[in-house]
There are 2 protein chains.
Amino acid sequence: MANIKDVAKIAGCSISTVSYALNDDKRIPEVTALRIKKIANDIGYLPSAAARNLKKKNTRTVLVAISDFGGPVYHELLDGIHYELTKHSYTMIVSTGSSTDNLLKERMADGTIISDINISNQTLKQISKILKPIIILDRKLDNTDLVDMTIDNYDAMYRLTEDVIIKGYRKIAFCHGVKKTHDNEYRFKGFKDALENRNLEIFAEYVGNFTKISGTIIAEELIKSNQLPEMIVCANDEMAIGIMEVLQTEGYEIPKNIGVSGFDDIELASYFSPKLSSVRINRFEWGRKVAKTMLSLLTKEKIVVKKEHGELKIRDSY
Amino acid sequence: MANIKDVAKIAGCSISTVSYALNDDKRIPEVTALRIKKIANDIGYLPSAAARNLKKKNTRTVLVAISDFGGPVYHELLDGIHYELTKHSYTMIVSTGSSTDNLLKERMADGTIISDINISNQTLKQISKILKPIIILDRKLDNTDLVDMTIDNYDAMYRLTEDVIIKGYRKIAFCHGVKKTHDNEYRFKGFKDALENRNLEIFAEYVGNFTKISGTIIAEELIKSNQLPEMIVCANDEMAIGIMEVLQTEGYEIPKNIGVSGFDDIELASYFSPKLSSVRINRFEWGRKVAKTMLSLLTKEKIVVKKEHGELKIRDSY
DNA sequence: AATTAAAAGCGAAACGTTTCAATTAAGCGA
DNA sequence: TCGCTTAATTGAAACGTTTCGCTTTTAATT
């Protein structure tokens, strides 16, 4: 693998001249720079990121750590982050699972954005002392240097629930996702407060884990118990779809016999029949805001970014 | 940021001892190693990836470059690659778009896996001379050091088409995706050969670009032209769904009036009504094979991996 | 032709590791 | 106690860049 020395030798100049030329330093006249660049290109010279990062003490790279590539939730977020990062000539790398662990233990990126439910609060606290800046998207953690940029779950769910009540539903149940997660907590709080402010009681609470399959299980047990609510407000779309599927195969009509709502507005939401009412978060915009914040953290500028609000998508499922 | 020198100073030993201790070299007695590790941990020492990569001339990292995070196609593939890579204590990083360009221009990973339609053959050829090993998933490129591991599009589409013929369809059209792509080419070839071997003519060819929207446009024009086939074999699911949507809103019943098939078996395929007949590729397994191959390339071992075959998922759309 | 300023180019140190080869310390049998 | 082997530790070079400060060359001005 050719290195800068090889280029210098062929060009008949010093290493520093090559370096300056390749980095478009104005002290190298254009004609020499061009000549050197051509040589570099001809012999297939690629600069060593390792050497440069070592010397410059930065990488112009941001790491985004996510739970999995699977969920229907991430891609717009990633696109948004990517859009903003590359606009400022930063590079984005994405990782999951144990790759994230490796990446975090070494310092391969200048900044880190985390939305990974599998990383414990404890490890998060620990690394936050050493590795900065870090933005977290999936929780709040006080007394740390972590910057949290969660979406406004509370507000959106509050408004959705209000709409449900206005439509006339009274026996309203809530289907939890994973209990201690930020998303679930704040969505539930929004739901609860909306009911309380109208002097309504929570009809029942079920708890799933944000997956479709957990929704189906809940629905099956619900039917057995024969204690059906008029409406089930779910902490996310996937559970809502699981619930609806079972309900339908068991002969219940939605929304005629029972209403269901979701959260996230995944693609499936508008393909399911009936179309699922949900909350849409503009995740591309969210991603952009997150990236902007990261950029400002990286350059030590202070900027203020507003929380990303949700948009109600009321369709046919209640 | 603490470095190895700081650790050495506190531990009262040399840099080399710290390095050996931290890397579990057997020449350092366990008790010293433990002591040193504790100190390192206490002062929040994280080794510099840059320095280590520079010295060791490797990164134990594999870069996966994909077209976008959006498509419903990638995540299982990524999961498969990740599974195998981390099993061998490699780290996987993923990138798109211009981030990929940056990453490719520097040598941040030991190996690269590419499935990115946006990278031209030309650049691919160029970098393949310099940057090795590279595995490409989305095309074949002769006379290069690129290792291609495309799926067996031909075989799967051949079998699907045979099934279509057996079901009695005769006026069969093909809906292309982006024309020069490997996927489209081989899927079409499989389709064509299957018809030829039964002495059937291609009823018509339409060309889209793999997106749903292109499917809708095709369907709209088709209806206008009034030249409907009995069956449309599509190069992927998304176009098939676009076509079906338009057909249905225009009053055609599927599969009663016209049959449609897809390819890829995306999640939506089995949620759409009617359920879309398609071809399922076990992308997780595919990913594992790809990663295994990469690993063997990285260690210079020779291993042979078989092409990933598709499984017919015949449902209700024809 | 002499002086000076500006332009172009260069040498060497530094970044933080790993690892070879060498040194020092310890253990042990006689 | 002496030598000898093995264990523990260390010094220093090397990896491939960037960049500071200096030297040489060229051009401009008198």
# chains A, B, ... in the order shown; residues from 1 in each chain; ligands from 1
>>> residues_around(residues="range 115-132 of chain B", least_positions_apart="4", cutoff="8 Å", atoms="only C-alpha atoms (C1' of nucleotides)", output="compact mmCIF listing (two decimals) with C-alpha atoms, in the first residue's frame")
# COMPACT_ATOMS: atom_id res chain seq x y z
CA MET A 1 0.00 0.00 0.00
CA GLY A 44 -3.21 4.55 -6.00
CA TYR A 45 -2.22 6.41 -2.91
CA LEU A 46 -4.87 6.54 -0.21
CA VAL B 64 -20.73 -2.16 4.78
CA ALA B 65 -21.80 0.42 2.24
CA ILE B 66 -25.48 0.42 1.32
CA SER B 67 -27.67 2.57 -0.91
CA ASP B 68 -29.91 3.76 1.85
CA THR B 96 -24.43 5.43 2.88
CA GLY B 97 -24.07 8.11 0.30
CA LEU B 104 -13.57 4.62 1.01
CA ARG B 107 -8.59 3.33 4.87
CA ASP B 110 -9.87 -3.82 6.69
CA GLY B 111 -12.51 -4.94 4.26
CA ILE B 136 -20.01 -6.56 -4.04
CA LEU B 137 -23.56 -7.69 -3.61
CA ASP B 138 -25.42 -5.85 -6.29
CA LEU B 141 -17.84 -6.90 -12.57
CA THR B 144 -11.43 -6.93 -11.22
CA ASP B 145 -10.42 -8.14 -7.81
CA LEU B 146 -13.95 -7.55 -6.62
CA THR B 181 -28.91 -3.46 -12.66
>>> calpha_fit_and_write(fixed="chain A", moving="chain B", output="JSON list (two decimals) with C-alpha atoms, in the first residue's frame")
[["chain", "number", "residue", "atom", "x", "y", "z"],
["B", 1, "MET", "CA", -0.08, -0.02, -0.04],
["B", 2, "ALA", "CA", 1.45, 3.21, -1.19],
["B", 3, "ASN", "CA", 2.05, 5.90, 1.37],
["B", 4, "ILE", "CA", 2.92, 9.55, 1.32],
["B", 5, "LYS", "CA", 6.62, 8.77, 1.21],
["B", 6, "ASP", "CA", 6.22, 6.93, -2.07],
["B", 7, "VAL", "CA", 4.45, 9.88, -3.55],
["B", 8, "ALA", "CA", 7.17, 12.22, -2.37],
["B", 9, "LYS", "CA", 9.87, 10.04, -3.81],
["B", 10, "ILE", "CA", 8.29, 9.95, -7.24],
["B", 11, "ALA", "CA", 7.46, 13.63, -7.18],
["B", 12, "GLY", "CA", 11.00, 14.36, -6.09],
["B", 13, "CYS", "CA", 9.95, 16.53, -3.24],
["B", 14, "SER", "CA", 9.53, 16.31, 0.49],
["B", 15, "ILE", "CA", 6.79, 14.62, 2.42],
["B", 16, "SER", "CA", 5.56, 17.90, 3.77],
["B", 17, "THR", "CA", 5.14, 19.33, 0.30],
["B", 18, "VAL", "CA", 3.02, 16.34, -0.66],
["B", 19, "SER", "CA", 0.93, 16.70, 2.43],
["B", 20, "TYR", "CA", 0.36, 20.39, 1.82],
["B", 21, "ALA", "CA", -0.41, 19.82, -1.83],
["B", 22, "LEU", "CA", -2.91, 17.08, -1.14],
["B", 23, "ASN", "CA", -4.65, 19.22, 1.43],
["B", 24, "ASP", "CA", -4.91, 22.22, -0.87],
["B", 25, "ASP", "CA", -2.69, 24.41, 1.22],
["B", 26, "LYS", "CA", -2.30, 27.75, -0.50],
["B", 27, "ARG", "CA", 1.43, 27.81, -0.03],
["B", 28, "ILE", "CA", 1.86, 25.21, -2.76],
["B", 29, "PRO", "CA", 1.50, 26.68, -6.25],
["B", 30, "GLU", "CA", -1.30, 25.13, -8.23],
["B", 31, "VAL", "CA", 0.85, 23.56, -10.88],
["B", 32, "THR", "CA", 2.94, 21.62, -8.36],
["B", 33, "ALA", "CA", -0.16, 20.63, -6.46],
["B", 34, "LEU", "CA", -1.73, 19.26, -9.61],
["B", 35, "ARG", "CA", 1.36, 17.32, -10.51],
["B", 36, "ILE", "CA", 1.57, 15.79, -7.07],
["B", 37, "LYS", "CA", -2.11, 14.92, -7.05],
["B", 38, "LYS", "CA", -1.75, 13.18, -10.35],
["B", 39, "ILE", "CA", 1.11, 11.08, -9.08],
["B", 40, "ALA", "CA", -0.80, 10.22, -5.95],
["B", 41, "ASN", "CA", -3.73, 9.14, -8.03],
["B", 42, "ASP", "CA", -1.59, 7.17, -10.45],
["B", 43, "ILE", "CA", 0.04, 5.04, -7.85],
["B", 44, "GLY", "CA", -3.25, 4.58, -6.01],
["B", 45, "TYR", "CA", -2.26, 6.43, -2.91],
["B", 46, "LEU", "CA", -4.90, 6.54, -0.22],
["B", 47, "PRO", "CA", -4.05, 8.43, 2.96],
["B", 48, "SER", "CA", -4.10, 6.41, 6.12],
["B", 49, "ALA", "CA", -7.04, 7.47, 8.22],
["B", 50, "ALA", "CA", -5.31, 6.08, 11.26],
["B", 51, "ALA", "CA", -2.23, 8.22, 10.85],
["B", 52, "ARG", "CA", -4.20, 11.33, 10.14],
["B", 53, "ASN", "CA", -6.64, 10.84, 12.97],
["B", 54, "LEU", "CA", -3.78, 10.22, 15.31],
["B", 55, "LYS", "CA", -2.02, 13.39, 14.37],
["B", 56, "LYS", "CA", -5.05, 15.62, 14.06],
["B", 57, "LYS", "CA", -6.78, 14.21, 17.08],
["B", 58, "ASN", "CA", -10.09, 14.07, 15.35],
["B", 59, "THR", "CA", -11.88, 11.95, 12.79],
["B", 60, "ARG", "CA", -14.64, 14.15, 11.42],
["B", 61, "THR", "CA", -16.83, 11.16, 11.95],
["B", 62, "VAL", "CA", -19.97, 10.75, 14.02],
["B", 63, "LEU", "CA", -21.07, 7.37, 15.25],
["B", 64, "VAL", "CA", -24.76, 6.54, 15.42],
["B", 65, "ALA", "CA", -25.53, 3.56, 17.59],
["B", 66, "ILE", "CA", -28.96, 2.01, 17.13],
["B", 67, "SER", "CA", -30.74, -1.00, 18.58],
["B", 68, "ASP", "CA", -31.17, -2.77, 15.30],
["B", 69, "PHE", "CA", -31.48, -2.15, 11.61],
["B", 70, "GLY", "CA", -34.77, -3.91, 11.60],
["B", 71, "GLY", "CA", -37.37, -1.68, 13.06],
["B", 72, "PRO", "CA", -39.39, 0.45, 10.69],
["B", 73, "VAL", "CA", -38.52, 3.43, 12.83],
["B", 74, "TYR", "CA", -34.94, 4.30, 12.21],
["B", 75, "HIS", "CA", -34.32, 4.96, 8.60],
["B", 76, "GLU", "CA", -35.77, 8.43, 8.28],
["B", 77, "LEU", "CA", -33.96, 9.45, 11.41],
["B", 78, "LEU", "CA", -30.70, 8.16, 9.99],
["B", 79, "ASP", "CA", -31.36, 9.90, 6.71],
["B", 80, "GLY", "CA", -31.92, 13.16, 8.53],
["B", 81, "ILE", "CA", -28.76, 12.84, 10.56],
["B", 82, "HIS", "CA", -26.80, 11.85, 7.51],
["B", 83, "TYR", "CA", -28.12, 14.75, 5.49],
["B", 84, "GLU", "CA", -26.98, 17.33, 7.96],
["B", 85, "LEU", "CA", -23.71, 15.68, 8.84],
["B", 86, "THR", "CA", -22.49, 15.28, 5.28],
["B", 87, "LYS", "CA", -23.55, 18.81, 4.49],
["B", 88, "HIS", "CA", -20.84, 19.80, 6.93],
["B", 89, "SER", "CA", -18.44, 17.26, 5.47],
["B", 90, "TYR", "CA", -18.69, 14.94, 8.39],
["B", 91, "THR", "CA", -18.91, 11.22, 7.91],
["B", 92, "MET", "CA", -21.61, 9.12, 9.54],
["B", 93, "ILE", "CA", -21.08, 5.57, 10.60],
["B", 94, "VAL", "CA", -23.79, 3.38, 12.05],
["B", 95, "SER", "CA", -23.51, 0.40, 14.32],
["B", 96, "THR", "CA", -25.51, -2.02, 16.43],
["B", 97, "GLY", "CA", -25.05, -4.52, 19.17],
["B", 98, "SER", "CA", -21.59, -5.61, 20.09],
["B", 99, "SER", "CA", -20.09, -3.60, 17.28],
["B", 100, "THR", "CA", -21.23, -0.56, 19.17],
["B", 101, "ASP", "CA", -19.43, -1.77, 22.26],
["B", 102, "ASN", "CA", -16.21, -2.09, 20.34],
["B", 103, "LEU", "CA", -16.60, 1.25, 18.71],
["B", 104, "LEU", "CA", -17.34, 2.93, 22.01],
["B", 105, "LYS", "CA", -14.34, 1.42, 23.70],
["B", 106, "GLU", "CA", -12.02, 2.84, 21.15],
["B", 107, "ARG", "CA", -12.28, 6.40, 20.10],
["B", 108, "MET", "CA", -13.13, 6.11, 16.45],
["B", 109, "ALA", "CA", -15.56, 9.00, 16.18],
["B", 110, "ASP", "CA", -15.58, 12.56, 17.41],
["B", 111, "GLY", "CA", -19.13, 12.34, 18.63],
["B", 112, "THR", "CA", -21.72, 9.70, 19.34],
["B", 113, "ILE", "CA", -25.47, 9.59, 18.90],
["B", 114, "ILE", "CA", -27.17, 6.77, 20.73],
["B", 115, "SER", "CA", -30.61, 5.29, 20.41],
["B", 116, "ASP", "CA", -30.06, 1.82, 21.67],
["B", 117, "ILE", "CA", -32.32, 0.32, 24.26],
["B", 118, "ASN", "CA", -29.82, -2.46, 24.87],
["B", 119, "ILE", "CA", -27.25, -0.18, 26.40],
["B", 120, "SER", "CA", -27.84, 0.08, 30.13],
["B", 121, "ASN", "CA", -28.08, 3.34, 32.01],
["B", 122, "GLN", "CA", -25.05, 2.26, 33.93],
["B", 123, "THR", "CA", -22.72, 1.84, 30.99],
["B", 124, "LEU", "CA", -24.16, 4.97, 29.51],
["B", 125, "LYS", "CA", -23.29, 6.92, 32.62],
["B", 126, "GLN", "CA", -19.86, 5.45, 32.65],
["B", 127, "ILE", "CA", -18.93, 6.22, 29.09],
["B", 128, "SER", "CA", -20.50, 9.65, 29.30],
["B", 129, "LYS", "CA", -17.75, 10.64, 31.67],
["B", 130, "ILE", "CA", -15.03, 9.68, 29.26],
["B", 131, "LEU", "CA", -16.44, 9.96, 25.79],
["B", 132, "LYS", "CA", -17.91, 13.27, 24.73],
["B", 133, "PRO", "CA", -20.01, 14.55, 23.23],
["B", 134, "ILE", "CA", -22.85, 12.05, 23.36],
["B", 135, "ILE", "CA", -26.46, 12.65, 22.42],
["B", 136, "ILE", "CA", -29.07, 10.14, 23.54],
["B", 137, "LEU", "CA", -32.36, 9.79, 21.79],
["B", 138, "ASP", "CA", -34.15, 7.15, 23.75],
["B", 139, "ARG", "CA", -34.08, 8.29, 27.34],
["B", 140, "LYS", "CA", -33.28, 11.01, 29.79],
["B", 141, "LEU", "CA", -30.43, 10.65, 32.23],
["B", 142, "ASP", "CA", -29.85, 13.34, 34.79],
["B", 143, "ASN", "CA", -26.56, 14.42, 36.26],
["B", 144, "THR", "CA", -24.55, 13.35, 33.27],
["B", 145, "ASP", "CA", -22.97, 15.13, 30.37],
["B", 146, "LEU", "CA", -25.29, 13.27, 28.04],
["B", 147, "VAL", "CA", -27.42, 15.52, 25.92],
["B", 148, "ASP", "CA", -30.89, 14.10, 25.52],
["B", 149, "MET", "CA", -33.00, 14.81, 22.50],
["B", 150, "THR", "CA", -36.07, 12.71, 22.92],
["B", 151, "ILE", "CA", -39.19, 13.53, 21.00],
["B", 152, "ASP", "CA", -42.20, 15.07, 22.65],
["B", 153, "ASN", "CA", -44.03, 11.85, 23.38],
["B", 154, "TYR", "CA", -46.07, 13.38, 26.13],
["B", 155, "ASP", "CA", -47.57, 16.14, 24.10],
["B", 156, "ALA", "CA", -48.45, 13.97, 21.13],
["B", 157, "MET", "CA", -50.08, 11.25, 23.18],
["B", 158, "TYR", "CA", -51.98, 13.82, 25.18],
["B", 159, "ARG", "CA", -53.47, 15.25, 22.04],
["B", 160, "LEU", "CA", -54.25, 11.85, 20.59],
["B", 161, "THR", "CA", -56.04, 10.83, 23.76],
["B", 162, "GLU", "CA", -58.03, 14.03, 23.77],
["B", 163, "ASP", "CA", -59.18, 13.25, 20.27],
["B", 164, "VAL", "CA", -60.21, 9.78, 21.35],
["B", 165, "ILE", "CA", -62.28, 11.23, 24.15],
["B", 166, "ILE", "CA", -63.87, 13.78, 21.90],
["B", 167, "LYS", "CA", -64.91, 10.99, 19.55],
["B", 168, "GLY", "CA", -66.93, 9.66, 22.46],
["B", 169, "TYR", "CA", -64.93, 6.77, 23.79],
["B", 170, "ARG", "CA", -65.12, 6.30, 27.56],
["B", 171, "LYS", "CA", -63.82, 2.85, 28.46],
["B", 172, "ILE", "CA", -60.29, 3.44, 27.33],
["B", 173, "ALA", "CA", -57.38, 1.08, 27.95],
["B", 174, "PHE", "CA", -53.67, 1.60, 27.48],
["B", 175, "CYS", "CA", -51.27, -0.91, 26.03],
["B", 176, "HIS", "CA", -47.79, -0.37, 27.38],
["B", 177, "GLY", "CA", -44.57, -1.16, 25.59],
["B", 178, "VAL", "CA", -41.46, -1.97, 27.57],
["B", 179, "LYS", "CA", -42.21, -0.38, 30.90],
["B", 180, "LYS", "CA", -39.21, 1.62, 32.00],
["B", 181, "THR", "CA", -38.42, 3.06, 28.61],
["B", 182, "HIS", "CA", -38.64, 6.76, 28.07],
["B", 183, "ASP", "CA", -40.96, 6.38, 25.10],
["B", 184, "ASN", "CA", -43.42, 4.28, 27.02],
["B", 185, "GLU", "CA", -43.28, 6.33, 30.14],
["B", 186, "TYR", "CA", -44.00, 9.65, 28.53],
["B", 187, "ARG", "CA", -46.58, 8.31, 26.15],
["B", 188, "PHE", "CA", -48.38, 6.78, 29.05],
["B", 189, "LYS", "CA", -48.12, 9.94, 31.08],
["B", 190, "GLY", "CA", -49.64, 11.95, 28.24],
["B", 191, "PHE", "CA", -52.45, 9.43, 28.00],
["B", 192, "LYS", "CA", -53.05, 9.42, 31.72],
["B", 193, "ASP", "CA", -53.09, 13.18, 32.11],
["B", 194, "ALA", "CA", -55.48, 13.61, 29.21],
["B", 195, "LEU", "CA", -57.92, 11.23, 30.84],
["B", 196, "GLU", "CA", -57.53, 12.82, 34.24],
["B", 197, "ASN", "CA", -58.17, 16.26, 32.91],
["B", 198, "ARG", "CA", -61.49, 15.02, 31.63],
["B", 199, "ASN", "CA", -62.19, 13.17, 34.84],
["B", 200, "LEU", "CA", -62.02, 9.79, 33.22],
["B", 201, "GLU", "CA", -60.53, 6.65, 34.70],
["B", 202, "ILE", "CA", -58.13, 4.36, 32.94],
["B", 203, "PHE", "CA", -60.22, 1.34, 32.01],
["B", 204, "ALA", "CA", -57.30, -1.08, 32.02],
["B", 205, "GLU", "CA", -53.59, -1.37, 31.41],
["B", 206, "TYR", "CA", -51.88, -4.11, 29.44],
["B", 207, "VAL", "CA", -48.20, -4.49, 29.01],
["B", 208, "GLY", "CA", -46.36, -5.65, 25.92],
["B", 209, "ASN", "CA", -42.89, -5.01, 24.64],
["B", 210, "PHE", "CA", -43.40, -2.88, 21.53],
["B", 211, "THR", "CA", -43.50, -5.90, 19.23],
["B", 212, "LYS", "CA", -46.39, -7.13, 17.17],
["B", 213, "ILE", "CA", -46.26, -10.52, 18.77],
["B", 214, "SER", "CA", -46.72, -9.04, 22.22],
["B", 215, "GLY", "CA", -49.81, -7.30, 20.87],
["B", 216, "THR", "CA", -51.27, -10.56, 19.67],
["B", 217, "ILE", "CA", -50.74, -12.18, 23.04],
["B", 218, "ILE", "CA", -52.43, -9.32, 24.82],
["B", 219, "ALA", "CA", -55.39, -9.45, 22.48],
["B", 220, "GLU", "CA", -55.78, -13.19, 22.93],
["B", 221, "GLU", "CA", -55.86, -12.92, 26.69],
["B", 222, "LEU", "CA", -58.16, -9.97, 26.48],
["B", 223, "ILE", "CA", -60.67, -11.92, 24.48],
["B", 224, "LYS", "CA", -60.49, -14.81, 26.89],
["B", 225, "SER", "CA", -61.06, -12.51, 29.85],
["B", 226, "ASN", "CA", -64.10, -11.04, 28.17],
["B", 227, "GLN", "CA", -63.32, -7.61, 29.62],
["B", 228, "LEU", "CA", -63.01, -5.66, 26.43],
["B", 229, "PRO", "CA", -62.64, -1.88, 26.51],
["B", 230, "GLU", "CA", -64.19, 0.35, 23.92],
["B", 231, "MET", "CA", -60.82, 1.62, 22.88],
["B", 232, "ILE", "CA", -57.20, 0.57, 23.20],
["B", 233, "VAL", "CA", -54.57, 3.25, 23.00],
["B", 234, "CYS", "CA", -51.26, 1.57, 22.22],
["B", 235, "ALA", "CA", -47.78, 2.83, 22.93],
["B", 236, "ASN", "CA", -46.75, 2.00, 19.39],
["B", 237, "ASP", "CA", -48.04, 0.85, 16.01],
["B", 238, "GLU", "CA", -46.62, -2.63, 16.00],
["B", 239, "MET", "CA", -48.48, -3.67, 19.11],
["B", 240, "ALA", "CA", -51.61, -2.02, 17.77],
["B", 241, "ILE", "CA", -51.37, -4.06, 14.60],
["B", 242, "GLY", "CA", -50.82, -7.25, 16.55],
["B", 243, "ILE", "CA", -53.90, -6.50, 18.58],
["B", 244, "MET", "CA", -56.02, -5.66, 15.57],
["B", 245, "GLU", "CA", -55.02, -8.80, 13.73],
["B", 246, "VAL", "CA", -56.16, -11.05, 16.54],
["B", 247, "LEU", "CA", -59.29, -9.06, 17.18],
["B", 248, "GLN", "CA", -60.24, -9.33, 13.53],
["B", 249, "THR", "CA", -59.61, -13.03, 13.18],
["B", 250, "GLU", "CA", -61.76, -13.51, 16.28],
["B", 251, "GLY", "CA", -64.58, -11.72, 14.55],
["B", 252, "TYR", "CA", -64.42, -8.27, 16.07],
["B", 253, "GLU", "CA", -64.85, -5.36, 13.75],
["B", 254, "ILE", "CA", -62.62, -2.34, 14.01],
["B", 255, "PRO", "CA", -63.59, 0.38, 14.73],
["B", 256, "LYS", "CA", -67.20, -0.75, 15.00],
["B", 257, "ASN", "CA", -66.80, -3.02, 18.02],
["B", 258, "ILE", "CA", -63.59, -1.63, 19.38],
["B", 259, "GLY", "CA", -61.16, 1.18, 18.56],
["B", 260, "VAL", "CA", -57.40, 0.96, 18.41],
["B", 261, "SER", "CA", -54.68, 3.56, 18.03],
["B", 262, "GLY", "CA", -50.93, 3.40, 17.60],
["B", 263, "PHE", "CA", -47.90, 5.63, 17.71],
["B", 264, "ASP", "CA", -45.01, 6.12, 15.26],
["B", 265, "ASP", "CA", -46.93, 5.94, 12.02],
["B", 266, "ILE", "CA", -44.89, 3.16, 10.51],
["B", 267, "GLU", "CA", -45.47, 2.36, 6.87],
["B", 268, "LEU", "CA", -47.74, -0.53, 7.67],
["B", 269, "ALA", "CA", -50.08, 1.76, 9.57],
["B", 270, "SER", "CA", -51.64, 3.07, 6.41],
["B", 271, "TYR", "CA", -51.64, -0.28, 4.64],
["B", 272, "PHE", "CA", -53.41, -2.19, 7.31],
["B", 273, "SER", "CA", -57.13, -2.48, 6.98],
["B", 274, "PRO", "CA", -58.58, -0.49, 8.64],
["B", 275, "LYS", "CA", -55.93, 2.14, 8.35],
["B", 276, "LEU", "CA", -54.41, 2.64, 11.74],
["B", 277, "SER", "CA", -54.73, 6.01, 13.47],
["B", 278, "SER", "CA", -51.36, 6.98, 14.79],
["B", 279, "VAL", "CA", -48.92, 9.77, 15.54],
["B", 280, "ARG", "CA", -46.42, 10.76, 12.96],
["B", 281, "ILE", "CA", -43.04, 12.10, 13.99],
["B", 282, "ASN", "CA", -41.10, 13.82, 11.29],
["B", 283, "ARG", "CA", -38.04, 11.78, 11.90],
["B", 284, "PHE", "CA", -36.06, 13.27, 9.10],
["B", 285, "GLU", "CA", -36.36, 16.68, 10.70],
["B", 286, "TRP", "CA", -35.67, 15.16, 14.06],
["B", 287, "GLY", "CA", -32.49, 13.64, 12.69],
["B", 288, "ARG", "CA", -31.43, 16.96, 11.23],
["B", 289, "LYS", "CA", -31.91, 18.68, 14.55],
["B", 290, "VAL", "CA", -29.95, 16.01, 16.31],
["B", 291, "ALA", "CA", -27.09, 16.31, 13.83],
["B", 292, "LYS", "CA", -27.09, 20.07, 14.10],
["B", 293, "THR", "CA", -26.84, 19.82, 17.82],
["B", 294, "MET", "CA", -24.00, 17.36, 17.53],
["B", 295, "LEU", "CA", -22.19, 19.66, 15.16],
["B", 296, "SER", "CA", -22.54, 22.54, 17.55],
["B", 297, "LEU", "CA", -21.33, 20.39, 20.39],
["B", 298, "LEU", "CA", -18.34, 19.44, 18.31],
["B", 299, "THR", "CA", -17.49, 23.04, 17.59],
["B", 300, "LYS", "CA", -18.34, 24.20, 21.08],
["B", 301, "GLU", "CA", -20.93, 26.59, 19.75],
["B", 302, "LYS", "CA", -24.09, 26.93, 21.72],
["B", 303, "ILE", "CA", -27.27, 26.52, 19.78],
["B", 304, "VAL", "CA", -30.80, 25.86, 20.90],
["B", 305, "VAL", "CA", -32.96, 23.32, 19.19],
["B", 306, "LYS", "CA", -36.62, 22.73, 19.86],
["B", 307, "LYS", "CA", -38.16, 19.38, 20.66],
["B", 308, "GLU", "CA", -39.67, 17.54, 17.73],
["B", 309, "HIS", "CA", -43.46, 17.46, 17.96],
["B", 310, "GLY", "CA", -45.76, 14.78, 16.65],
["B", 311, "GLU", "CA", -48.53, 15.11, 14.10],
["B", 312, "LEU", "CA", -51.80, 13.29, 14.68],
["B", 313, "LYS", "CA", -52.75, 10.96, 11.85],
["B", 314, "ILE", "CA", -56.35, 10.13, 12.51],
["B", 315, "ARG", "CA", -57.48, 7.39, 10.15],
["B", 316, "ASP", "CA", -60.00, 4.58, 10.36],
["B", 317, "SER", "CA", -59.10, 2.42, 13.34],
["B", 318, "TYR", "CA", -61.19, 4.32, 15.89]]
>>> residues_around(residues="DC22 in chain D", least_positions_apart="4", cutoff="12 Å", atoms="only C-alpha atoms (C1' of nucleotides)", output="list in words")
DG9, DC10, DG11 and DA12 of chain C
>>> closest_atom_pairs(of="chain D", to="chain A", cutoff="12 Å", atoms="only C-alpha atoms (C1' of nucleotides)", output="JSON lines")
{"residue": "D:DC15", "atom": "C1'", "partner": "A:Ala51", "partner_atom": "CA", "distance": 7.9}
{"residue": "D:DG16", "atom": "C1'", "partner": "A:Ala51", "partner_atom": "CA", "distance": 5.0}
{"residue": "D:DT17", "atom": "C1'", "partner": "A:Ala51", "partner_atom": "CA", "distance": 4.8}
{"residue": "D:DT18", "atom": "C1'", "partner": "A:Lys55", "partner_atom": "CA", "distance": 6.2}
{"residue": "D:DT19", "atom": "C1'", "partner": "A:Ser16", "partner_atom": "CA", "distance": 8.5}
{"residue": "D:DC20", "atom": "C1'", "partner": "A:Ser16", "partner_atom": "CA", "distance": 11.4}
>>> atom_distance(atom1="C1' of DA14 in chain C", atom2="C1' of DG11 in chain D")
18.5 Å
>>> atom_distance(atom1="C1' of DA28 in chain D", atom2="C1' of DT4 in chain C")
8.7 Å
>>> select_by_dssp(residues="range 97-233 of chain A", states="alpha helix (DSSP H)", output="JSON, numbers by chain")
{"A": [97, 98, 99, 100, 101, 102, 103, 104, 105, 121, 122, 123, 124, 125, 126, 127, 128, 129, 130, 153, 154, 155, 156, 157, 158, 159, 160, 161, 162, 163, 164, 165, 166, 182, 183, 184, 185, 186, 187, 188, 189, 190, 191, 192, 193, 194, 195, 196, 197, 212, 213, 214, 215, 216, 217, 218, 219, 220, 221, 222, 223, 224, 225]}
>>> interface_residues(of="chain C", to="chain B", cutoff="8 Å", atoms="only C-alpha atoms (C1' of nucleotides)", output="list in words")
DC15, DG16, DT17 and DT18 of chain C
>>> residues_around(residues="DT26 in chain D", least_positions_apart="3", cutoff="10 Å", atoms="only C-alpha atoms (C1' of nucleotides)", output="PyMOL selection string")
chain C and resi 6-8
>>> select_by_dssp(residues="range 232-265 of chain A", states="strand (DSSP E or B)", output="PyMOL selection string")
chain A and resi 232-234+259-261+264
>>> write_last_selection(atoms="C-alpha atoms", output="JSON list (two decimals), in the first residue's frame")
[["chain", "number", "residue", "atom", "x", "y", "z"],
["A", 232, "ILE", "CA", -57.23, 0.58, 23.19],
["A", 233, "VAL", "CA", -54.60, 3.26, 23.00],
["A", 234, "CYS", "CA", -51.29, 1.57, 22.21],
["A", 259, "GLY", "CA", -61.22, 1.21, 18.55],
["A", 260, "VAL", "CA", -57.42, 0.98, 18.41],
["A", 261, "SER", "CA", -54.72, 3.58, 18.03],
["A", 264, "ASP", "CA", -45.02, 6.13, 15.28]]
